[in-house]
>>> print(open('final-v1.cif').read())   # mmCIF, C-alpha atoms and all ligand atoms
data_final
#
loop_
_atom_site.label_atom_id
_atom_site.label_comp_id
_atom_site.auth_asym_id
_atom_site.auth_seq_id
_atom_site.Cartn_x
_atom_site.Cartn_y
_atom_site.Cartn_z
CA MET A 24 21.82 -0.22 -5.38
CA PRO A 25 23.03 0.17 -1.78
CA ARG A 26 20.45 0.59 0.92
CA THR A 27 21.00 2.72 3.96
CA GLN A 28 21.19 1.19 7.42
CA GLN A 29 18.01 3.05 8.25
CA GLN A 30 16.19 1.39 5.37
CA ALA A 31 17.46 -2.02 6.40
CA ALA A 32 16.24 -1.43 9.92
CA ASN A 33 12.86 -0.30 8.63
CA GLY A 34 12.49 -3.49 6.63
CA ALA A 35 13.58 -5.68 9.51
CA ASN A 36 11.43 -4.19 12.23
CA SER A 37 8.01 -3.48 10.89
CA SER A 38 6.77 -7.09 10.73
CA LEU A 39 6.82 -7.20 14.48
CA LYS A 40 4.15 -4.53 14.58
CA VAL A 41 1.92 -6.18 12.02
CA ILE A 42 2.49 -9.89 12.55
CA PRO A 43 3.72 -10.33 16.09
CA THR A 44 3.75 -14.12 15.92
CA MET A 45 5.60 -14.44 12.62
CA PRO A 46 7.92 -17.45 12.91
CA LYS A 47 11.65 -17.18 12.49
CA SER A 48 12.94 -18.26 9.10
CA SER A 49 13.39 -22.00 8.91
CA SER A 50 15.37 -21.83 5.68
CA LYS A 51 18.90 -23.14 5.53
CA GLY A 52 21.94 -20.95 5.97
CA THR A 53 22.32 -17.60 7.67
CA ALA A 54 19.33 -15.71 6.37
CA ALA A 55 20.53 -12.28 7.37
CA ALA A 56 23.83 -12.68 5.56
CA ALA A 57 22.48 -14.11 2.32
CA THR A 58 21.99 -11.47 -0.34
CA SER A 59 20.06 -12.08 -3.51
CA PRO A 60 22.47 -12.30 -6.45
CA ALA A 61 19.91 -10.79 -8.84
CA ASN A 62 21.14 -7.24 -8.25
CA ALA A 63 18.45 -6.96 -5.60
CA PRO A 64 19.27 -4.86 -2.56
CA PHE A 65 17.52 -7.19 -0.14
CA THR A 66 18.81 -10.00 2.02
CA GLN A 67 16.96 -13.29 2.12
CA ALA A 68 15.52 -12.40 5.53
CA GLU A 69 14.24 -9.09 4.23
CA LEU A 70 12.64 -10.69 1.18
CA GLN A 71 10.95 -13.27 3.38
CA HIS A 72 9.73 -10.42 5.55
CA TRP A 73 8.17 -8.58 2.60
CA HIS A 74 6.67 -11.80 1.25
CA GLN A 75 5.04 -12.34 4.63
CA GLN A 76 3.82 -8.75 4.72
CA MET A 77 2.11 -9.19 1.34
CA LEU A 78 0.63 -12.52 2.35
CA PHE A 79 -0.68 -10.95 5.55
CA MET A 80 -2.36 -8.15 3.53
CA ARG A 81 -3.93 -10.79 1.26
CA ARG A 82 -5.22 -13.09 4.02
CA PHE A 83 -6.40 -10.12 6.06
CA GLU A 84 -8.54 -8.78 3.22
CA GLU A 85 -9.84 -12.23 2.27
CA LYS A 86 -11.07 -12.46 5.84
CA ALA A 87 -12.57 -8.97 5.56
CA ALA A 88 -14.46 -10.11 2.45
CA SER A 89 -15.89 -13.10 4.29
CA LEU A 90 -16.84 -10.94 7.30
CA TYR A 91 -18.60 -8.65 4.83
CA GLN A 92 -20.64 -11.59 3.50
CA GLN A 93 -21.59 -12.35 7.11
CA LYS A 94 -22.65 -8.68 7.55
CA GLU A 95 -20.05 -8.19 10.29
CA ILE A 96 -18.68 -5.43 8.04
CA GLN A 97 -21.11 -3.04 6.38
CA GLY A 98 -20.96 0.03 4.19
CA PHE A 99 -18.10 0.74 1.81
CA CYS A 100 -15.22 -1.71 1.60
CA HIS A 101 -12.63 -1.51 -1.19
CA LEU A 102 -10.16 -4.38 -1.28
CA TYR A 103 -6.52 -4.08 -2.38
CA ILE A 104 -6.12 -7.76 -3.27
CA GLY A 105 -3.72 -8.14 -6.22
CA GLN A 106 -1.96 -4.81 -5.66
CA GLU A 107 0.07 -5.79 -2.56
CA ALA A 108 3.53 -5.40 -4.13
CA VAL A 109 3.07 -1.65 -4.59
CA ALA A 110 2.43 -0.86 -0.94
CA ALA A 111 5.06 -3.34 0.26
CA ALA A 112 7.77 -2.07 -2.09
CA ALA A 113 7.14 1.56 -1.17
CA LYS A 114 7.40 0.78 2.52
CA ALA A 115 10.47 -1.37 1.92
CA VAL A 116 12.53 1.55 0.61
CA SER A 117 11.16 4.14 3.03
CA ILE A 118 13.00 5.51 6.04
CA GLU A 119 11.71 6.59 9.44
CA GLY A 120 9.58 9.72 9.07
CA ASP A 121 8.50 9.26 5.45
CA ASP A 122 4.82 10.00 4.96
CA PHE A 123 2.16 7.90 3.22
CA ILE A 124 -1.24 8.97 1.94
CA THR A 125 -3.71 7.15 -0.27
CA SER A 126 -7.30 6.79 -1.45
CA TYR A 127 -10.16 4.81 0.09
CA ARG A 128 -8.40 1.54 -0.96
CA CYS A 129 -6.34 1.87 2.16
CA HIS A 130 -6.37 -1.22 4.42
CA ALA A 131 -3.14 -2.78 3.18
CA LEU A 132 -1.12 0.43 3.27
CA ALA A 133 -2.41 1.13 6.78
CA LEU A 134 -1.20 -2.32 7.90
CA VAL A 135 2.20 -2.05 6.29
CA CYS A 136 2.65 1.41 7.83
CA GLY A 137 2.30 -0.25 11.23
CA LEU A 138 -1.36 -0.02 12.23
CA THR A 139 -2.26 -3.24 14.04
CA GLY A 140 -4.61 -5.82 12.59
CA GLU A 141 -7.06 -5.09 15.42
CA GLU A 142 -7.01 -1.35 14.67
CA VAL A 143 -7.83 -1.94 11.00
CA MET A 144 -10.23 -4.90 11.32
CA GLY A 145 -11.86 -3.31 14.39
CA GLU A 146 -12.49 -0.20 12.32
CA LEU A 147 -14.02 -2.29 9.55
CA THR A 148 -16.37 -4.01 12.00
CA GLY A 149 -17.30 -0.72 13.71
CA ARG A 150 -15.74 -1.51 17.10
CA GLN A 151 -14.21 0.75 19.70
CA ILE A 152 -10.78 -0.83 19.19
CA GLY A 153 -10.75 0.49 15.60
CA ILE A 154 -8.26 3.17 14.66
CA SER A 155 -11.11 5.71 14.39
CA LYS A 156 -12.93 4.19 17.38
CA GLY A 157 -15.16 2.28 14.97
CA LYS A 158 -16.82 5.46 13.75
CA GLY A 159 -15.10 5.89 10.39
CA GLY A 160 -15.09 2.51 8.68
CA SER A 161 -13.14 1.24 5.69
CA MET A 162 -12.20 4.56 4.10
CA HIS A 163 -11.21 6.35 7.29
CA MET A 164 -8.02 4.82 8.61
CA PHE A 165 -5.59 7.49 9.84
CA GLU A 166 -2.62 7.43 12.20
CA PRO A 167 -0.22 10.40 12.24
CA SER A 168 2.17 8.66 14.66
CA LYS A 169 2.74 6.02 11.94
CA HIS A 170 2.98 8.72 9.25
CA PHE A 171 -0.12 7.22 7.67
CA TRP A 172 -2.36 10.12 6.62
CA GLY A 173 -5.39 8.20 5.29
CA GLY A 174 -7.71 6.87 3.76
CA HIS A 175 -9.60 9.49 1.58
CA GLY A 176 -13.03 8.87 0.08
CA ILE A 177 -13.04 11.79 -2.34
CA VAL A 178 -11.28 10.74 -5.52
CA ALA A 179 -7.92 12.61 -5.82
CA ALA A 180 -8.40 14.55 -2.55
CA GLN A 181 -5.24 12.97 -1.15
CA VAL A 182 -3.04 14.35 -3.94
CA PRO A 183 -2.82 18.02 -2.87
CA LEU A 184 -2.64 16.80 0.73
CA GLY A 185 0.34 14.65 -0.25
CA ALA A 186 2.01 17.68 -1.80
CA GLY A 187 1.31 19.54 1.45
CA LEU A 188 2.95 16.81 3.52
CA ALA A 189 5.98 17.04 1.24
CA PHE A 190 6.01 20.82 1.67
CA ALA A 191 6.14 20.29 5.43
CA ALA A 192 9.02 17.80 5.06
CA LYS A 193 10.95 20.26 2.88
CA TYR A 194 10.28 23.06 5.34
CA ARG A 195 11.61 20.93 8.18
CA ASN A 196 14.73 20.18 6.15
CA ASP A 197 15.42 23.64 4.72
CA VAL A 198 14.19 25.96 7.45
CA MET A 199 14.40 23.86 10.59
CA SER A 200 17.64 22.14 9.46
CA GLN A 201 16.45 18.56 9.94
CA LEU A 202 18.68 16.24 8.01
CA ASN A 203 16.52 13.20 7.44
CA LYS A 204 15.30 14.25 3.97
CA ASN A 205 11.91 12.63 4.27
CA VAL A 206 9.70 12.05 1.28
CA THR A 207 5.95 11.62 0.89
CA PHE A 208 4.50 8.65 -0.97
CA THR A 209 1.24 9.89 -2.51
CA PHE A 210 -0.83 7.05 -3.99
CA ILE A 211 -3.19 7.95 -6.86
CA GLY A 212 -5.68 5.73 -8.71
CA ASP A 213 -5.65 5.69 -12.51
CA GLY A 214 -9.15 7.18 -12.49
CA ALA A 215 -8.07 9.92 -10.10
CA MET A 216 -5.37 10.91 -12.61
CA ASN A 217 -8.05 12.73 -14.62
CA ALA A 218 -8.93 15.13 -11.79
CA GLY A 219 -7.80 18.73 -12.11
CA GLN A 220 -6.32 19.00 -8.64
CA VAL A 221 -3.72 16.38 -9.60
CA PHE A 222 -2.20 18.80 -12.12
CA GLU A 223 -2.38 21.72 -9.71
CA SER A 224 -0.43 19.54 -7.28
CA PHE A 225 2.10 18.57 -9.98
CA ASN A 226 2.64 22.25 -10.75
CA MET A 227 3.28 23.30 -7.16
CA ALA A 228 5.36 20.21 -6.38
CA ALA A 229 7.61 20.86 -9.37
CA LEU A 230 7.78 24.61 -8.82
CA TRP A 231 8.82 24.23 -5.19
CA LYS A 232 10.84 21.03 -5.70
CA LEU A 233 8.79 19.14 -3.14
CA PRO A 234 10.03 15.68 -2.11
CA VAL A 235 6.92 13.80 -3.21
CA ILE A 236 6.60 10.54 -5.12
CA PHE A 237 3.36 10.42 -7.06
CA VAL A 238 2.56 6.70 -7.15
CA ILE A 239 -0.06 6.06 -9.81
CA GLU A 240 -1.66 2.70 -9.08
CA ASN A 241 -2.87 1.76 -12.53
CA ASN A 242 -5.05 -1.22 -11.63
CA GLN A 243 -6.65 -0.96 -15.09
CA TRP A 244 -10.05 0.21 -13.87
CA GLY A 245 -11.76 3.21 -12.30
CA MET A 246 -14.91 1.49 -11.01
CA GLY A 247 -16.11 -0.14 -14.27
CA THR A 248 -14.27 2.14 -16.71
CA SER A 249 -11.05 0.89 -18.27
CA VAL A 250 -8.07 3.22 -18.43
CA PRO A 251 -8.01 3.52 -22.27
CA ARG A 252 -11.64 4.64 -22.21
CA ALA A 253 -10.96 7.36 -19.64
CA ALA A 254 -7.43 8.63 -20.12
CA ALA A 255 -5.71 10.18 -23.14
CA GLY A 256 -2.02 9.43 -23.55
CA ASN A 257 0.25 7.70 -21.05
CA LEU A 258 -0.20 8.28 -17.35
CA TRP A 259 3.52 8.03 -16.63
CA GLN A 260 4.18 10.97 -18.99
CA ARG A 261 1.71 13.31 -17.36
CA GLY A 262 4.37 14.97 -15.25
CA GLU A 263 6.45 15.88 -18.31
CA PRO A 264 5.03 19.39 -18.89
CA PHE A 265 6.10 20.20 -15.34
CA GLY A 266 9.53 18.61 -15.70
CA ILE A 267 8.67 15.72 -13.38
CA PRO A 268 10.47 12.52 -14.39
CA GLY A 269 8.18 9.53 -14.82
CA GLU A 270 8.43 5.78 -15.35
CA LYS A 271 6.06 2.92 -16.01
CA VAL A 272 6.91 -0.01 -13.77
CA ASP A 273 5.72 -3.61 -13.30
CA GLY A 274 3.83 -3.10 -10.05
CA MET A 275 3.08 -6.83 -9.83
CA ASP A 276 6.73 -7.59 -9.10
CA PHE A 277 8.03 -6.61 -5.66
CA LEU A 278 11.69 -6.38 -6.69
CA THR A 279 11.05 -4.33 -9.82
CA ALA A 280 8.75 -2.00 -7.92
CA ALA A 281 11.24 -1.60 -5.07
CA GLU A 282 14.05 -0.72 -7.48
CA ALA A 283 11.88 1.95 -9.06
CA PHE A 284 10.95 3.33 -5.65
CA GLN A 285 14.64 3.41 -4.83
CA ARG A 286 15.34 5.59 -7.89
CA ALA A 287 12.43 7.83 -6.96
CA THR A 288 13.41 8.26 -3.32
CA ALA A 289 17.05 8.97 -4.27
CA HIS A 290 15.83 11.72 -6.61
CA CYS A 291 13.58 13.28 -3.97
CA ARG A 292 16.07 13.00 -1.11
CA ALA A 293 18.72 14.70 -3.30
CA GLY A 294 16.46 17.78 -3.40
CA LYS A 295 15.58 17.39 -7.09
CA GLY A 296 11.83 17.63 -6.56
CA PRO A 297 8.96 15.25 -7.32
CA TYR A 298 9.04 11.92 -9.18
CA LEU A 299 6.23 9.99 -10.82
CA LEU A 300 5.86 6.22 -10.98
CA GLU A 301 3.02 4.53 -12.85
CA MET A 302 2.68 1.12 -11.24
CA ASP A 303 1.14 -1.36 -13.65
CA THR A 304 -0.97 -3.47 -11.32
CA TYR A 305 -4.32 -5.26 -11.16
CA ARG A 306 -7.34 -5.32 -8.88
CA TYR A 307 -8.53 -8.92 -8.48
CA ARG A 308 -11.78 -8.10 -6.69
CA GLY A 309 -14.61 -5.77 -7.63
CA HIS A 310 -14.30 -2.03 -7.17
CA SER A 311 -16.21 -2.38 -3.91
CA MET A 312 -18.26 -5.18 -2.41
CA SER A 313 -21.32 -4.36 -4.52
CA ASP A 314 -19.59 -4.45 -7.93
CA PRO A 315 -21.13 -7.01 -10.33
CA ALA A 316 -17.90 -6.77 -12.43
CA LYS A 317 -19.63 -7.13 -15.79
CA TYR A 318 -16.89 -5.14 -17.49
CA ARG A 319 -14.37 -8.02 -17.52
CA THR A 320 -14.43 -11.79 -17.67
CA ARG A 321 -13.38 -14.29 -15.05
CA GLU A 322 -10.80 -15.57 -17.57
CA ASP A 323 -9.20 -12.10 -17.74
CA VAL A 324 -8.77 -12.04 -13.99
CA ASP A 325 -7.62 -15.65 -13.75
CA ALA A 326 -4.94 -15.03 -16.37
CA VAL A 327 -3.43 -12.23 -14.28
CA LYS A 328 -3.60 -14.33 -11.11
CA GLU A 329 -1.90 -17.19 -12.93
CA GLN A 330 0.85 -15.20 -14.63
CA ARG A 331 1.54 -12.11 -12.53
CA ASP A 332 0.52 -12.65 -8.93
CA PRO A 333 2.99 -10.63 -6.81
CA ILE A 334 3.04 -13.02 -3.85
CA ALA A 335 3.55 -16.11 -6.00
CA ARG A 336 6.30 -14.34 -7.92
CA LEU A 337 8.25 -13.38 -4.82
CA GLN A 338 7.79 -16.90 -3.46
CA LYS A 339 9.18 -18.31 -6.70
CA HIS A 340 12.14 -15.94 -6.51
CA LEU A 341 12.86 -17.01 -2.93
CA MET A 342 12.60 -20.69 -3.83
CA GLN A 343 14.87 -20.37 -6.85
CA THR A 344 17.43 -18.06 -5.29
CA PHE A 345 17.67 -19.45 -1.77
CA SER A 346 16.56 -23.06 -2.22
CA MET A 347 13.52 -22.60 -0.02
CA ASN A 348 10.79 -25.19 -0.35
CA GLU A 349 7.02 -25.21 -0.59
CA ALA A 350 6.56 -26.55 2.95
CA GLU A 351 8.27 -23.50 4.47
CA PHE A 352 5.80 -21.19 2.76
CA GLU A 353 2.85 -23.35 3.77
CA GLN A 354 3.95 -23.09 7.39
CA VAL A 355 4.14 -19.29 7.14
CA ASP A 356 0.71 -19.19 5.49
CA ASP A 357 -0.78 -21.30 8.30
CA THR A 358 0.69 -18.94 10.89
CA ILE A 359 -0.66 -15.89 9.10
CA LYS A 360 -4.13 -17.42 8.70
CA ALA A 361 -4.22 -18.25 12.42
CA GLU A 362 -3.17 -14.69 13.26
CA VAL A 363 -5.84 -13.25 10.97
CA ASN A 364 -8.48 -15.51 12.55
CA ARG A 365 -7.42 -14.27 15.98
CA ILE A 366 -7.69 -10.64 14.80
CA ALA A 367 -11.14 -11.31 13.27
CA GLU A 368 -12.33 -12.86 16.52
CA ALA A 369 -11.14 -9.79 18.45
CA ALA A 370 -12.73 -7.44 15.91
CA THR A 371 -16.12 -9.13 16.01
CA THR A 372 -16.38 -9.49 19.78
CA ALA A 373 -14.98 -6.14 20.98
CA PRO A 374 -17.50 -3.56 22.25
CA ARG A 375 -19.06 -1.11 19.86
CA PRO A 376 -18.54 2.61 20.58
CA PRO A 377 -20.94 3.82 23.28
CA ALA A 378 -23.66 6.37 22.52
CA SER A 379 -21.59 8.96 24.42
CA GLU A 380 -19.13 8.87 21.47
CA LEU A 381 -21.81 10.03 19.04
CA PHE A 382 -20.83 13.69 19.18
CA THR A 383 -17.11 13.36 19.88
CA ASP A 384 -14.43 13.69 17.16
CA VAL A 385 -16.72 15.86 15.03
CA VAL A 386 -16.14 19.49 14.13
CA PRO A 387 -18.21 21.56 16.62
CA GLU A 388 -20.74 24.02 15.21
C1 LIG A 401 -14.70 13.44 -6.50
C2 LIG A 401 -15.29 12.07 -6.62
N1 LIG A 401 -15.89 11.70 -7.77
C3 LIG A 401 -16.41 10.46 -7.90
C4 LIG A 401 -16.35 9.57 -6.87
C5 LIG A 401 -16.91 8.15 -7.04
N2 LIG A 401 -15.81 7.21 -7.22
C6 LIG A 401 -15.40 6.48 -6.19
S1 LIG A 401 -14.13 5.51 -6.62
C7 LIG A 401 -14.13 6.03 -8.21
C8 LIG A 401 -13.15 5.45 -9.21
C9 LIG A 401 -11.74 5.78 -8.95
O1 LIG A 401 -10.88 4.90 -9.64
P1 LIG A 401 -9.33 4.89 -9.46
O2 LIG A 401 -8.84 6.28 -9.22
O3 LIG A 401 -8.76 4.18 -10.61
O4 LIG A 401 -9.07 4.09 -8.10
P2 LIG A 401 -9.31 2.55 -7.78
O5 LIG A 401 -10.73 2.43 -7.25
O6 LIG A 401 -9.10 1.78 -9.01
O7 LIG A 401 -8.33 2.21 -6.71
C10 LIG A 401 -15.13 6.97 -8.39
C11 LIG A 401 -15.40 7.62 -9.67
C12 LIG A 401 -15.73 9.98 -5.68
N3 LIG A 401 -15.60 9.17 -4.61
N4 LIG A 401 -15.19 11.22 -5.59
MG MG A 402 -8.12 2.21 -10.78
#
>>> encode(input="final-v1.cif", output="structure tokens")
Amino acid sequence: MPRTQQQAANGANSSLKVIPTMPKSSSKGTAAAATSPANAPFTQAELQHWHQQMLFMRRFEEKAASLYQQKEIQGFCHLYIGQEAVAAAAKAVSIEGDDFITSYRCHALALVCGLTGEEVMGELTGRQIGISKGKGGSMHMFEPSKHFWGGHGIVAAQVPLGAGLAFAAKYRNDVMSQLNKNVTFTFIGDGAMNAGQVFESFNMAALWKLPVIFVIENNQWGMGTSVPRAAAGNLWQRGEPFGIPGEKVDGMDFLTAAEAFQRATAHCRAGKGPYLLEMDTYRYRGHSMSDPAKYRTREDVDAVKEQRDPIARLQKHLMQTFSMNEAEFEQVDDTIKAEVNRIAEAATTAPRPPASELFTDVVPE
């Protein structure tokens, strides 16, 4: 599965935006030249990069959870912990100009799209340095220059918007003769899959052959309702009536997810229309910070953490394939934790938005 030079560059550069102090690889050999033998399209350096990205998402949100306990963060806060491989794998196969849009569970995708830790954590803590000047909070991250289109609190609202972004990309290609063949990654929760506007979007996307990947993040729960209690049939087959190809994929494995995203992007960039991927993943934390989680046992969650954790799995792959050792990963983890602490300090000490901002950035009457 060859990757384009543009994709390789995308994978190699984006860590600098998110984790500026990430150390160089200390593993043996020439990292950039070593390619995984397991049919994976990534070099060792790239895999280390994506491992670090996922670990950064994890440590960042663990810190957000502890700031929430300290009441430094208030209001809604939906954590992505456990699902990191989906966002990382999507970004890993993307090229410059591809668009991303998701639900309220948006911190990790915002980071991997290139928003800085300060912009995301500062938004969570309600500070002026936040991406929405501290006035939006957890669900309202948005940065068009990074092709990150939110952050949407209304369940499924992002799905027709994602189709619209793909319409714009197709228009730029077909009418304005741009050649980059960009796609839109539209993330959808399993619960959101039962909303009518999803099927309206499928219809239009298929009819107009829009370059959109519908990424169903099946994390097994919509608040406290399990998928089998809420959804008839298989989610990955729900595009079938519209002729949209679909797959169910292990979304807890970075490499498997990336390969599926590669198939999906190739389909879309070839002008064949939308593609649907049901990512089988798991939400470790509650739906939001106020979820008593009585609908599942601690043992259920622990079993997934033990057997399927996406960060541990990629670490194991790196250790087995490239003879890396535990100490190298511990060093990276220490660096990431220090960086997250620095970001948290900045996000809890920066000024709050002044009263003069109260009526700015709102739709005038
Ligand atoms: C239109 C609408 N209905 C209901 C809600 C309340 N609500 C918020 S999250 C949620 C569950 C969505 O679950 P899922 O799509 O699986 O996403 P997840 O939280 O698992 O990421 C519901 C019903 C809402 N925000 N918007
Ligand atoms: Mg869900």
>>> atom_distance(input="final-v1.cif", atom1="CA of Leu341 in chain A", atom2="CA of Lys360 in chain A")
20.6 Å
>>> residues_near_ligand(input="final-v1.cif", ligand="ligand MG 402 (chain A)", cutoff="12 Å", atoms="only C-alpha atoms and all ligand atoms", output="PyMOL selection string")
chain A and resi 101-103+106+126-128+178-179+210-217+239-251+253-254+258+301-311
>>> atom_distance(input="final-v1.cif", atom1="CA of Phe265 in chain A", atom2="CA of Ala229 in chain A")
6.2 Å
>>> closest_residue(input="final-v1.cif", among="A:Arg365, A:Arg252, A:Arg195, A:Lys114", to="ligand LIG 401 (chain A)", atoms="only C-alpha atoms and all ligand atoms")
A:Arg252
>>> closest_residue(input="final-v1.cif", among="A:Gly98, A:Pro377, A:Gly219, A:Pro315", to="ligand LIG 401 (chain A)", atoms="all atoms listed in the file")
A:Gly219
>>> closest_residue(input="final-v1.cif", among="A:Ala281, A:Val182, A:Val198, A:Leu230", to="ligand LIG 401 (chain A)", atoms="all atoms listed in the file")
A:Val182
>>> atom_distance(input="final-v1.cif", atom1="CA of Leu147 in chain A", atom2="CA of Gly120 in chain A")
26.5 Å
>>> closest_residue(input="final-v1.cif", among="A:Leu134, A:Ala112, A:Leu188, A:Ile177", to="ligand LIG 401 (chain A)", atoms="only C-alpha atoms and all ligand atoms")
A:Ile177
>>> closest_residue(input="final-v1.cif", among="A:Leu90, A:Val143, A:Cys100, A:Ala180", to="ligand LIG 401 (chain A)", atoms="all atoms listed in the file")
A:Ala180
>>> residues_around(input="final-v1.cif", residues="Ser224 in chain A", least_positions_apart="6", cutoff="10 Å", atoms="all atoms listed in the file", output="ChimeraX atom specification")
/A:182-187,230,237
>>> residues_around(input="final-v1.cif", residues="Arg375 in chain A", least_positions_apart="2", cutoff="7 Å", atoms="all atoms listed in the file", output="number ranges by chain")
A: 149-151, 373, 377
>>> write_last_selection(input="final-v1.cif", atoms="C-alpha atoms", output="compact mmCIF listing (two decimals), keeping the file's coordinate frame")
# COMPACT_ATOMS: atom_id res chain seq x y z
CA GLY A 149 -17.30 -0.72 13.71
CA ARG A 150 -15.74 -1.51 17.10
CA GLN A 151 -14.21 0.75 19.70
CA ALA A 373 -14.98 -6.14 20.98
CA PRO A 377 -20.94 3.82 23.28
>>> closest_residue(input="final-v1.cif", among="A:Thr139, A:Gln71, A:Gln181, A:Ser89", to="ligand LIG 401 (chain A)", atoms="only C-alpha atoms and all ligand atoms")
A:Gln181
>>> residues_around(input="final-v1.cif", residues="range 288-297 of chain A", least_positions_apart="6", cutoff="12 Å", atoms="all atoms listed in the file", output="MDAnalysis selection string")
chainID A and resid 24:27 30 112:118 121 185:186 189:190 192:194 196:197 202:209 224:238 262:263 265:269 281:282
>>> residues_around(input="final-v1.cif", residues="Ile152 in chain A", least_positions_apart="6", cutoff="12 Å", atoms="only C-alpha atoms", output="PyMOL selection string")
chain A and resi 138-146+158-160+366+369-377
>>> axis_aligned_box(input="final-v1.cif", around="ligand LIG 401 (chain A)", padding_each_side="5 Å", output="JSON")
{"center_x": -12.6, "center_y": 7.6, "center_z": -7.6, "size_x": 18.6, "size_y": 21.7, "size_z": 16.0}
